[in-house]
Amino acid sequence: MTDISTQRAIAELVPRGSRVLDLGCGDGSMLAYLQSERGCSGYGIEIDDANVLACVQRGVNVIQLNLEDGLAMFDDASFDVVLQIDTLQHLRNAEVMLRETVRVGRVGVVAFPNFAHWPNRLSILKGRMPVTKRLPYQWYDTPNIRVGTHADLAVLAARNGLQVQDSFGIQDGAVVRFAPNLRAGTSVYQLTRS
């Protein structure tokens, strides 16, 4: 997620000076932003070779690791905040990784494409899978192995004994608190263990 206004909205959930673990950090842009703008430190976890190289070039500490293997290398509460930005929808073990996010971090921040956003609903009504700025792939070539809605994550969090500290949507860089399930392309949750 490289859109600067979206990064800013998510960064507001990360206290200044936090030790951060960014799961599926991509090219490291979010962690680099947190380091430069909020004085944070930490590591990114990434599997893709090109993204690992991009992280190194940005000065982001990165560990090359497949998240499907879990986070057993990290102790409980090793980090202040664990980010899972645009990662959950790619994982087969999404439920396990959601619990691991709040085990390894005192706080977990999860963001993902909200499939219930109104343009997606309209596309489904027309009989087609949505292709939008937030979901830019055709159904047959998407890297997403699952889709979810803002409302779905609240249910999943409760099912796993997680406490929702905050939740909102993001649309065009703006925070959406009223009806985010309908009005926002990105869903954001701040979670802790109960």
# chains A, B, ... in the order shown; residues from 1 in each chain; ligands from 1
$ closest_atom_pairs --of "range 63-84 of chain A" --to "range 90-95 of chain A" --cutoff "10 Å" --atoms "only C-alpha atoms" --output "Markdown table"
| residue | atom | partner | partner_atom | distance |
| --- | --- | --- | --- | --- |
| A:Asn66 | CA | A:Leu91 | CA | 9.9 |
| A:Leu67 | CA | A:Leu91 | CA | 7.7 |
| A:Glu68 | CA | A:Asn93 | CA | 6.4 |
| A:Asp69 | CA | A:Asn93 | CA | 9.0 |
| A:Gly70 | CA | A:Asn93 | CA | 8.6 |
$ residues_around --residues "Leu34 in chain A" --least-positions-apart "2" --cutoff "12 Å" --atoms "only C-alpha atoms" --output "count of residues only"
34
$ residues_around --residues "Ala184 in chain A" --least-positions-apart "5" --cutoff "6 Å" --atoms "only C-alpha atoms" --output "NGL selection string"
:A and (117 or 169-171)
$ write_last_selection --atoms "N, CA and C atoms" --output "PDB file, in the first residue's frame"
ATOM      1  N   HIS A 117     -17.826  -2.790  -0.446  1.00  0.00           N
ATOM      2  CA  HIS A 117     -17.873  -1.403  -0.917  1.00  0.00           C
ATOM      3  C   HIS A 117     -18.900  -1.301  -2.047  1.00  0.00           C
ATOM      4  N   GLY A 169     -13.080   2.693   7.756  1.00  0.00           N
ATOM      5  CA  GLY A 169     -12.744   2.472   6.361  1.00  0.00           C
ATOM      6  C   GLY A 169     -11.870   3.604   5.861  1.00  0.00           C
ATOM      7  N   ILE A 170     -11.259   3.379   4.712  1.00  0.00           N
ATOM      8  CA  ILE A 170     -10.521   4.440   4.024  1.00  0.00           C
ATOM      9  C   ILE A 170     -11.001   4.450   2.584  1.00  0.00           C
ATOM     10  N   GLN A 171     -11.354   5.630   2.098  1.00  0.00           N
ATOM     11  CA  GLN A 171     -11.752   5.797   0.703  1.00  0.00           C
ATOM     12  C   GLN A 171     -11.104   7.059   0.165  1.00  0.00           C
TER      13      GLN A 171
END
$ residues_around --residues "Val104 in chain A" --least-positions-apart "3" --cutoff "8 Å" --atoms "only C-alpha atoms" --output "JSON, numbers by chain"
{"A": [71, 74, 75, 76, 77, 78, 79, 82, 100, 101]}
$ write_last_selection --atoms "N, CA and C atoms" --output "PDB file, in the first residue's frame"
ATOM      1  N   LEU A  71       4.719 -17.391  12.646  1.00  0.00           N
ATOM      2  CA  LEU A  71       5.624 -16.435  13.295  1.00  0.00           C
ATOM      3  C   LEU A  71       6.263 -17.018  14.551  1.00  0.00           C
ATOM      4  N   PHE A  74       9.122 -15.470  16.718  1.00  0.00           N
ATOM      5  CA  PHE A  74       8.931 -14.288  17.554  1.00  0.00           C
ATOM      6  C   PHE A  74       8.210 -14.654  18.851  1.00  0.00           C
ATOM      7  N   ASP A  75       8.688 -14.099  19.962  1.00  0.00           N
ATOM      8  CA  ASP A  75       8.044 -14.293  21.253  1.00  0.00           C
ATOM      9  C   ASP A  75       6.777 -13.445  21.356  1.00  0.00           C
ATOM     10  N   ASP A  76       5.969 -13.744  22.347  1.00  0.00           N
ATOM     11  CA  ASP A  76       4.783 -12.936  22.632  1.00  0.00           C
ATOM     12  C   ASP A  76       5.198 -11.491  22.893  1.00  0.00           C
ATOM     13  N   ALA A  77       4.413 -10.561  22.388  1.00  0.00           N
ATOM     14  CA  ALA A  77       4.616  -9.126  22.613  1.00  0.00           C
ATOM     15  C   ALA A  77       6.034  -8.663  22.292  1.00  0.00           C
ATOM     16  N   SER A  78       6.617  -9.234  21.224  1.00  0.00           N
ATOM     17  CA  SER A  78       7.960  -8.822  20.786  1.00  0.00           C
ATOM     18  C   SER A  78       7.958  -7.420  20.197  1.00  0.00           C
ATOM     19  N   PHE A  79       6.791  -6.979  19.723  1.00  0.00           N
ATOM     20  CA  PHE A  79       6.671  -5.679  19.070  1.00  0.00           C
ATOM     21  C   PHE A  79       5.508  -4.909  19.686  1.00  0.00           C
ATOM     22  N   VAL A  82       2.013  -4.799  15.304  1.00  0.00           N
ATOM     23  CA  VAL A  82       2.220  -5.651  14.137  1.00  0.00           C
ATOM     24  C   VAL A  82       1.214  -5.229  13.080  1.00  0.00           C
ATOM     25  N   GLU A 100      -1.858 -14.633  15.446  1.00  0.00           N
ATOM     26  CA  GLU A 100      -0.414 -14.405  15.586  1.00  0.00           C
ATOM     27  C   GLU A 100      -0.083 -12.912  15.578  1.00  0.00           C
ATOM     28  N   THR A 101      -0.826 -12.139  14.816  1.00  0.00           N
ATOM     29  CA  THR A 101      -0.604 -10.697  14.740  1.00  0.00           C
ATOM     30  C   THR A 101      -0.721 -10.060  16.123  1.00  0.00           C
TER      31      THR A 101
END
$ select_by_dssp --residues "chain A" --states "alpha helix (DSSP H)" --output "JSON, numbers by chain"
{"A": [4, 5, 6, 7, 8, 9, 10, 11, 29, 30, 31, 32, 33, 34, 35, 36, 37, 38, 49, 50, 51, 52, 53, 54, 55, 56, 57, 58, 94, 95, 96, 97, 98, 99, 100, 101, 102, 103, 104, 118, 119, 120, 121, 122, 123, 124, 125, 150, 151, 152, 153, 154, 155, 156, 157, 158, 159, 180, 181, 182, 183]}
$ select_by_dssp --residues "range 1-136 of chain A" --states "strand (DSSP E)" --output "PDB file with N, CA and C atoms, in the first residue's frame"
ATOM      1  N   ARG A  19       8.025   0.013  18.207  1.00  0.00           N
ATOM      2  CA  ARG A  19       8.751  -1.076  17.546  1.00  0.00           C
ATOM      3  C   ARG A  19       7.701  -1.834  16.741  1.00  0.00           C
ATOM      4  N   VAL A  20       7.898  -1.894  15.411  1.00  0.00           N
ATOM      5  CA  VAL A  20       6.867  -2.369  14.482  1.00  0.00           C
ATOM      6  C   VAL A  20       7.354  -3.572  13.692  1.00  0.00           C
ATOM      7  N   LEU A  21       6.460  -4.536  13.494  1.00  0.00           N
ATOM      8  CA  LEU A  21       6.677  -5.652  12.576  1.00  0.00           C
ATOM      9  C   LEU A  21       5.621  -5.520  11.493  1.00  0.00           C
ATOM     10  N   ASP A  22       6.054  -5.424  10.238  1.00  0.00           N
ATOM     11  CA  ASP A  22       5.150  -5.253   9.100  1.00  0.00           C
ATOM     12  C   ASP A  22       5.112  -6.553   8.303  1.00  0.00           C
ATOM     13  N   LEU A  23       4.013  -7.294   8.419  1.00  0.00           N
ATOM     14  CA  LEU A  23       3.866  -8.594   7.762  1.00  0.00           C
ATOM     15  C   LEU A  23       3.455  -8.410   6.311  1.00  0.00           C
ATOM     16  N   SER A  41      10.815   1.936  14.706  1.00  0.00           N
ATOM     17  CA  SER A  41      11.860   1.013  14.273  1.00  0.00           C
ATOM     18  C   SER A  41      11.204  -0.347  14.093  1.00  0.00           C
ATOM     19  N   GLY A  42      11.926  -1.289  13.529  1.00  0.00           N
ATOM     20  CA  GLY A  42      11.370  -2.628  13.410  1.00  0.00           C
ATOM     21  C   GLY A  42      11.802  -3.347  12.158  1.00  0.00           C
ATOM     22  N   TYR A  43      10.976  -4.295  11.760  1.00  0.00           N
ATOM     23  CA  TYR A  43      11.291  -5.181  10.647  1.00  0.00           C
ATOM     24  C   TYR A  43      10.077  -5.364   9.753  1.00  0.00           C
ATOM     25  N   GLY A  44      10.375  -5.637   8.489  1.00  0.00           N
ATOM     26  CA  GLY A  44       9.358  -6.089   7.569  1.00  0.00           C
ATOM     27  C   GLY A  44       9.551  -7.570   7.315  1.00  0.00           C
ATOM     28  N   ILE A  45       8.469  -8.253   7.019  1.00  0.00           N
ATOM     29  CA  ILE A  45       8.510  -9.653   6.611  1.00  0.00           C
ATOM     30  C   ILE A  45       7.997  -9.695   5.181  1.00  0.00           C
ATOM     31  N   GLU A  46       8.783 -10.299   4.292  1.00  0.00           N
ATOM     32  CA  GLU A  46       8.407 -10.341   2.873  1.00  0.00           C
ATOM     33  C   GLU A  46       8.991 -11.600   2.254  1.00  0.00           C
ATOM     34  N   VAL A  62      14.545  -6.108   6.774  1.00  0.00           N
ATOM     35  CA  VAL A  62      13.574  -7.058   6.241  1.00  0.00           C
ATOM     36  C   VAL A  62      14.060  -8.477   6.467  1.00  0.00           C
ATOM     37  N   ILE A  63      13.114  -9.357   6.765  1.00  0.00           N
ATOM     38  CA  ILE A  63      13.373 -10.785   6.916  1.00  0.00           C
ATOM     39  C   ILE A  63      12.598 -11.489   5.811  1.00  0.00           C
ATOM     40  N   GLN A  64      13.280 -12.310   5.029  1.00  0.00           N
ATOM     41  CA  GLN A  64      12.594 -13.045   3.978  1.00  0.00           C
ATOM     42  C   GLN A  64      11.998 -14.309   4.596  1.00  0.00           C
ATOM     43  N   PHE A  79       6.791  -6.979  19.723  1.00  0.00           N
ATOM     44  CA  PHE A  79       6.671  -5.679  19.070  1.00  0.00           C
ATOM     45  C   PHE A  79       5.508  -4.909  19.686  1.00  0.00           C
ATOM     46  N   ASP A  80       5.586  -3.589  19.598  1.00  0.00           N
ATOM     47  CA  ASP A  80       4.472  -2.759  20.053  1.00  0.00           C
ATOM     48  C   ASP A  80       3.282  -2.913  19.118  1.00  0.00           C
ATOM     49  N   VAL A  81       3.570  -2.901  17.812  1.00  0.00           N
ATOM     50  CA  VAL A  81       2.521  -2.967  16.798  1.00  0.00           C
ATOM     51  C   VAL A  81       2.949  -3.942  15.711  1.00  0.00           C
ATOM     52  N   VAL A  82       2.013  -4.799  15.304  1.00  0.00           N
ATOM     53  CA  VAL A  82       2.220  -5.651  14.137  1.00  0.00           C
ATOM     54  C   VAL A  82       1.214  -5.229  13.080  1.00  0.00           C
ATOM     55  N   LEU A  83       1.731  -4.893  11.909  1.00  0.00           N
ATOM     56  CA  LEU A  83       0.895  -4.487  10.779  1.00  0.00           C
ATOM     57  C   LEU A  83       0.655  -5.671   9.857  1.00  0.00           C
ATOM     58  N   GLN A  84      -0.564  -5.768   9.384  1.00  0.00           N
ATOM     59  CA  GLN A  84      -0.898  -6.748   8.362  1.00  0.00           C
ATOM     60  C   GLN A  84      -1.731  -5.995   7.328  1.00  0.00           C
ATOM     61  N   ILE A  85      -1.033  -5.281   6.448  1.00  0.00           N
ATOM     62  CA  ILE A  85      -1.671  -4.392   5.485  1.00  0.00           C
ATOM     63  C   ILE A  85      -1.711  -5.092   4.123  1.00  0.00           C
ATOM     64  N   GLY A 105       2.472  -8.893  18.590  1.00  0.00           N
ATOM     65  CA  GLY A 105       2.393  -7.463  18.881  1.00  0.00           C
ATOM     66  C   GLY A 105       1.414  -7.173  19.995  1.00  0.00           C
ATOM     67  N   ARG A 106       1.684  -6.144  20.739  1.00  0.00           N
ATOM     68  CA  ARG A 106       0.712  -5.729  21.761  1.00  0.00           C
ATOM     69  C   ARG A 106      -0.575  -5.268  21.097  1.00  0.00           C
ATOM     70  N   VAL A 107      -0.419  -4.705  19.891  1.00  0.00           N
ATOM     71  CA  VAL A 107      -1.550  -4.245  19.080  1.00  0.00           C
ATOM     72  C   VAL A 107      -1.335  -4.746  17.668  1.00  0.00           C
ATOM     73  N   GLY A 108      -2.405  -5.164  17.020  1.00  0.00           N
ATOM     74  CA  GLY A 108      -2.351  -5.533  15.612  1.00  0.00           C
ATOM     75  C   GLY A 108      -3.178  -4.561  14.791  1.00  0.00           C
ATOM     76  N   VAL A 109      -2.662  -4.173  13.645  1.00  0.00           N
ATOM     77  CA  VAL A 109      -3.414  -3.325  12.717  1.00  0.00           C
ATOM     78  C   VAL A 109      -3.540  -4.095  11.413  1.00  0.00           C
ATOM     79  N   VAL A 110      -4.786  -4.342  11.023  1.00  0.00           N
ATOM     80  CA  VAL A 110      -5.079  -5.130   9.837  1.00  0.00           C
ATOM     81  C   VAL A 110      -5.862  -4.258   8.864  1.00  0.00           C
ATOM     82  N   ALA A 111      -5.421  -4.226   7.609  1.00  0.00           N
ATOM     83  CA  ALA A 111      -6.145  -3.508   6.561  1.00  0.00           C
ATOM     84  C   ALA A 111      -6.245  -4.411   5.338  1.00  0.00           C
ATOM     85  N   PHE A 112      -7.394  -4.360   4.662  1.00  0.00           N
ATOM     86  CA  PHE A 112      -7.615  -5.223   3.504  1.00  0.00           C
ATOM     87  C   PHE A 112      -8.707  -4.615   2.623  1.00  0.00           C
ATOM     88  N   PRO A 113      -8.797  -5.061   1.365  1.00  0.00           N
ATOM     89  CA  PRO A 113      -9.863  -4.558   0.494  1.00  0.00           C
ATOM     90  C   PRO A 113     -11.236  -4.990   1.015  1.00  0.00           C
TER      91      PRO A 113
END
$ decode --residues "range 140-166 of chain A" --atoms "N, CA, C and O atoms" --output "PDB file, in the first residue's frame"
ATOM      1  N   TYR A 140      -9.918 -14.269 -12.549  1.00  0.00           N
ATOM      2  CA  TYR A 140      -9.081 -15.427 -12.888  1.00  0.00           C
ATOM      3  C   TYR A 140      -7.583 -15.172 -12.696  1.00  0.00           C
ATOM      4  O   TYR A 140      -6.797 -16.104 -12.764  1.00  0.00           O
ATOM      5  N   ASP A 141      -7.172 -13.932 -12.430  1.00  0.00           N
ATOM      6  CA  ASP A 141      -5.736 -13.684 -12.247  1.00  0.00           C
ATOM      7  C   ASP A 141      -5.414 -12.921 -10.952  1.00  0.00           C
ATOM      8  O   ASP A 141      -4.317 -12.405 -10.795  1.00  0.00           O
ATOM      9  N   THR A 142      -6.341 -12.901 -10.021  1.00  0.00           N
ATOM     10  CA  THR A 142      -6.126 -12.179  -8.768  1.00  0.00           C
ATOM     11  C   THR A 142      -5.182 -12.934  -7.833  1.00  0.00           C
ATOM     12  O   THR A 142      -5.253 -14.162  -7.749  1.00  0.00           O
ATOM     13  N   PRO A 143      -4.317 -12.217  -7.122  1.00  0.00           N
ATOM     14  CA  PRO A 143      -3.492 -12.870  -6.108  1.00  0.00           C
ATOM     15  C   PRO A 143      -4.272 -13.129  -4.812  1.00  0.00           C
ATOM     16  O   PRO A 143      -3.801 -13.841  -3.943  1.00  0.00           O
ATOM     17  N   ASN A 144      -5.463 -12.538  -4.707  1.00  0.00           N
ATOM     18  CA  ASN A 144      -6.289 -12.741  -3.515  1.00  0.00           C
ATOM     19  C   ASN A 144      -6.890 -14.137  -3.551  1.00  0.00           C
ATOM     20  O   ASN A 144      -7.509 -14.524  -4.544  1.00  0.00           O
ATOM     21  N   ILE A 145      -6.732 -14.879  -2.465  1.00  0.00           N
ATOM     22  CA  ILE A 145      -7.355 -16.200  -2.425  1.00  0.00           C
ATOM     23  C   ILE A 145      -8.684 -16.154  -1.684  1.00  0.00           C
ATOM     24  O   ILE A 145      -9.402 -17.140  -1.634  1.00  0.00           O
ATOM     25  N   ARG A 146      -9.005 -15.007  -1.111  1.00  0.00           N
ATOM     26  CA  ARG A 146     -10.292 -14.830  -0.442  1.00  0.00           C
ATOM     27  C   ARG A 146     -10.662 -13.354  -0.487  1.00  0.00           C
ATOM     28  O   ARG A 146      -9.801 -12.495  -0.684  1.00  0.00           O
ATOM     29  N   VAL A 147     -11.933 -13.094  -0.317  1.00  0.00           N
ATOM     30  CA  VAL A 147     -12.408 -11.722  -0.187  1.00  0.00           C
ATOM     31  C   VAL A 147     -13.188 -11.639   1.119  1.00  0.00           C
ATOM     32  O   VAL A 147     -13.713 -12.635   1.606  1.00  0.00           O
ATOM     33  N   GLY A 148     -13.231 -10.456   1.680  1.00  0.00           N
ATOM     34  CA  GLY A 148     -13.960 -10.248   2.923  1.00  0.00           C
ATOM     35  C   GLY A 148     -14.500  -8.840   2.979  1.00  0.00           C
ATOM     36  O   GLY A 148     -14.147  -7.984   2.168  1.00  0.00           O
ATOM     37  N   THR A 149     -15.355  -8.616   3.953  1.00  0.00           N
ATOM     38  CA  THR A 149     -15.959  -7.299   4.123  1.00  0.00           C
ATOM     39  C   THR A 149     -15.558  -6.723   5.477  1.00  0.00           C
ATOM     40  O   THR A 149     -15.075  -7.433   6.357  1.00  0.00           O
ATOM     41  N   HIS A 150     -15.806  -5.443   5.619  1.00  0.00           N
ATOM     42  CA  HIS A 150     -15.534  -4.780   6.889  1.00  0.00           C
ATOM     43  C   HIS A 150     -16.279  -5.504   8.014  1.00  0.00           C
ATOM     44  O   HIS A 150     -15.706  -5.784   9.072  1.00  0.00           O
ATOM     45  N   ALA A 151     -17.528  -5.829   7.791  1.00  0.00           N
ATOM     46  CA  ALA A 151     -18.334  -6.512   8.807  1.00  0.00           C
ATOM     47  C   ALA A 151     -17.796  -7.912   9.102  1.00  0.00           C
ATOM     48  O   ALA A 151     -17.855  -8.377  10.246  1.00  0.00           O
ATOM     49  N   ASP A 152     -17.275  -8.602   8.094  1.00  0.00           N
ATOM     50  CA  ASP A 152     -16.747  -9.955   8.293  1.00  0.00           C
ATOM     51  C   ASP A 152     -15.596  -9.978   9.290  1.00  0.00           C
ATOM     52  O   ASP A 152     -15.484 -10.907  10.091  1.00  0.00           O
ATOM     53  N   LEU A 153     -14.717  -8.986   9.248  1.00  0.00           N
ATOM     54  CA  LEU A 153     -13.561  -9.018  10.145  1.00  0.00           C
ATOM     55  C   LEU A 153     -13.977  -8.830  11.595  1.00  0.00           C
ATOM     56  O   LEU A 153     -13.378  -9.424  12.490  1.00  0.00           O
ATOM     57  N   ALA A 154     -15.021  -8.069  11.843  1.00  0.00           N
ATOM     58  CA  ALA A 154     -15.514  -7.921  13.214  1.00  0.00           C
ATOM     59  C   ALA A 154     -15.964  -9.272  13.760  1.00  0.00           C
ATOM     60  O   ALA A 154     -15.665  -9.628  14.905  1.00  0.00           O
ATOM     61  N   VAL A 155     -16.648 -10.042  12.934  1.00  0.00           N
ATOM     62  CA  VAL A 155     -17.117 -11.372  13.339  1.00  0.00           C
ATOM     63  C   VAL A 155     -15.929 -12.306  13.564  1.00  0.00           C
ATOM     64  O   VAL A 155     -15.876 -13.048  14.551  1.00  0.00           O
ATOM     65  N   LEU A 156     -14.953 -12.277  12.648  1.00  0.00           N
ATOM     66  CA  LEU A 156     -13.775 -13.134  12.775  1.00  0.00           C
ATOM     67  C   LEU A 156     -12.963 -12.784  14.023  1.00  0.00           C
ATOM     68  O   LEU A 156     -12.478 -13.669  14.726  1.00  0.00           O
ATOM     69  N   ALA A 157     -12.821 -11.506  14.305  1.00  0.00           N
ATOM     70  CA  ALA A 157     -12.093 -11.079  15.502  1.00  0.00           C
ATOM     71  C   ALA A 157     -12.780 -11.615  16.754  1.00  0.00           C
ATOM     72  O   ALA A 157     -12.125 -12.183  17.637  1.00  0.00           O
ATOM     73  N   ALA A 158     -14.084 -11.465  16.842  1.00  0.00           N
ATOM     74  CA  ALA A 158     -14.833 -11.959  18.007  1.00  0.00           C
ATOM     75  C   ALA A 158     -14.704 -13.470  18.132  1.00  0.00           C
ATOM     76  O   ALA A 158     -14.506 -13.995  19.236  1.00  0.00           O
ATOM     77  N   ARG A 159     -14.798 -14.164  17.018  1.00  0.00           N
ATOM     78  CA  ARG A 159     -14.687 -15.631  17.020  1.00  0.00           C
ATOM     79  C   ARG A 159     -13.338 -16.090  17.571  1.00  0.00           C
ATOM     80  O   ARG A 159     -13.222 -17.162  18.160  1.00  0.00           O
ATOM     81  N   ASN A 160     -12.302 -15.273  17.376  1.00  0.00           N
ATOM     82  CA  ASN A 160     -10.958 -15.625  17.821  1.00  0.00           C
ATOM     83  C   ASN A 160     -10.574 -14.963  19.137  1.00  0.00           C
ATOM     84  O   ASN A 160      -9.400 -14.953  19.520  1.00  0.00           O
ATOM     85  N   GLY A 161     -11.552 -14.392  19.833  1.00  0.00           N
ATOM     86  CA  GLY A 161     -11.304 -13.807  21.139  1.00  0.00           C
ATOM     87  C   GLY A 161     -10.480 -12.535  21.095  1.00  0.00           C
ATOM     88  O   GLY A 161      -9.776 -12.221  22.056  1.00  0.00           O
ATOM     89  N   LEU A 162     -10.544 -11.801  19.986  1.00  0.00           N
ATOM     90  CA  LEU A 162      -9.776 -10.564  19.851  1.00  0.00           C
ATOM     91  C   LEU A 162     -10.673  -9.369  20.140  1.00  0.00           C
ATOM     92  O   LEU A 162     -11.867  -9.378  19.833  1.00  0.00           O
ATOM     93  N   GLN A 163     -10.082  -8.342  20.690  1.00  0.00           N
ATOM     94  CA  GLN A 163     -10.797  -7.125  21.037  1.00  0.00           C
ATOM     95  C   GLN A 163     -10.569  -6.075  19.957  1.00  0.00           C
ATOM     96  O   GLN A 163      -9.424  -5.801  19.584  1.00  0.00           O
ATOM     97  N   VAL A 164     -11.640  -5.487  19.443  1.00  0.00           N
ATOM     98  CA  VAL A 164     -11.535  -4.402  18.460  1.00  0.00           C
ATOM     99  C   VAL A 164     -11.359  -3.095  19.225  1.00  0.00           C
ATOM    100  O   VAL A 164     -12.242  -2.675  19.961  1.00  0.00           O
ATOM    101  N   GLN A 165     -10.199  -2.458  19.056  1.00  0.00           N
ATOM    102  CA  GLN A 165      -9.926  -1.170  19.686  1.00  0.00           C
ATOM    103  C   GLN A 165     -10.443  -0.019  18.832  1.00  0.00           C
ATOM    104  O   GLN A 165     -10.863   1.007  19.346  1.00  0.00           O
ATOM    105  N   ASP A 166     -10.378  -0.214  17.523  1.00  0.00           N
ATOM    106  CA  ASP A 166     -10.842   0.805  16.581  1.00  0.00           C
ATOM    107  C   ASP A 166     -11.077   0.123  15.248  1.00  0.00           C
ATOM    108  O   ASP A 166     -10.435  -0.894  14.936  1.00  0.00           O
TER     109      ASP A 166
END
